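Here's the structure we're looking at; comments come further down.
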Amino acid sequence: TNGVKDLEFMEPEQFQKVEPHCKGVRALLSPHTGIVDWGLVARHYAADVAASGGEVLTSHEVDSVAPALGGDYVNGVALGCAGGARIVARNAIFCAGAYADRLARKSGGSAEPMIVPVRGEYLELHESKHHLVNALVYPVPDPSVPFLGVHFTPTMGSVATGQPPQVLIGPNAVVAFAREGYSWRHINVRDLAEAALFPGLWRLGLKHFSFGIGEMYRSLFLRAQMSEINKYIPDIKLEDVRRGRAGVRAQAMDRQGTLVDDFVFDEDCPQALLHVRNSPSPGATSSLAIGIMIAEKAATRFGLASAQAGP
């Protein structure tokens, strides 16, 4: 149980007291699982950085990595940005998500794992039907397929944007045509060609052909998603849902078509650099623990004082 407190197996007559509209054979109750406004959490992280003397620079897309003074990286690293800015530092840690492999290769890192973008699309439950879902409802993962499957997520809205609470249903999993491909209309020729020429994607597609076609079909046709939704909450009807937000998962993959499901740090790049090539889901939920692990890795690699073990 990884130290999760007070887990409880429940029979239908028990879990339906918590989720009266949900059906299933058995359930595992995690009473201390919570929901946060992640945008607000991220803003507080940024405030912590500023309070410690750091600076968060947005709109600084890094497009080159080079030694600060030419030659090797003994005198530091220079990061070139798309807008013309140049940032020089003694060391650099890269947590680049969808572009992790490209930045690693630019600085002498290994070719794999490669990032293949996988879009996850959500539906939104109509406000008048929010009472059908009280808490987070997750299916038991199917070990024969590489993704979790549909689940139901009440949100608490957003302080920053004023967005009201929602109930999200999803996500699905479809290969995106761009590394920032948040819809079928978003196509990037370079991203698409790179993915299409990668043998790992073809091997994965052949292995999970029916699953992949099914996900694409359900993505295109809203009605097709209802059978999956109704496995868990039969009272949700087609007219109760609408298309919602989407996210893109930076899925690390090797050329055998194996999805990387653990942390990968690039050991082939120069000593002054630390590339996080893969950080598995759930990244936001585990962000504090992930941060500590990366800090400890950086302390060892860069010869710094050990990172304190604590949030």
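Naming scheme: A, B, ... for chains in displayed order of the structure tokens; residues 1 onward per chain; ligands 1 onward as shown.
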Hey, which bits of segment 64-181 of chain A sit within 10 Å of segment 16-21 of chain A, and for each residue what's the closest pair of atoms and how far apart in Å (one decimal), counting only C-alpha atoms, rows by chain and increasing number, as a tab-separated table?
residue	atom	partner	partner_atom	distance
A:His131	CA	A:His21	CA	9.0
A:Leu132	CA	A:His21	CA	5.9
A:Val133	CA	A:Glu19	CA	6.7
A:Asn134	CA	A:Glu19	CA	6.2
A:Ala135	CA	A:Glu19	CA	7.6
A:Leu136	CA	A:Glu19	CA	9.7
A:Val137	CA	A:Glu19	CA	8.7
Q: Write out as an MDAnalysis selection string the residues lying within 12 Å of Arg179 of chain A, counting only C-alpha atoms and excluding same-chain residues fewer than 6 positions away.
A: chainID A and resid 96:102 114:119 186:195 247:251
(Q) One decimal, in Å: what's the spacing between atom CA of Val145 of chain A and atom CA of His208 of chain A? (A)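 That distance, rounded to one decimal, is 7.2 Å.
Here the question is which of A:Arg26, A:Arg90, A:Lys207, A:Lys106 gets nearest to Leu259 of chain A using only C-alpha atoms, and that residue is A:Lys207.
One distance worth recording is that between atom CA of Leu204 of chain A and atom CA of Gly257 of chain A, which is 4.6 Å.
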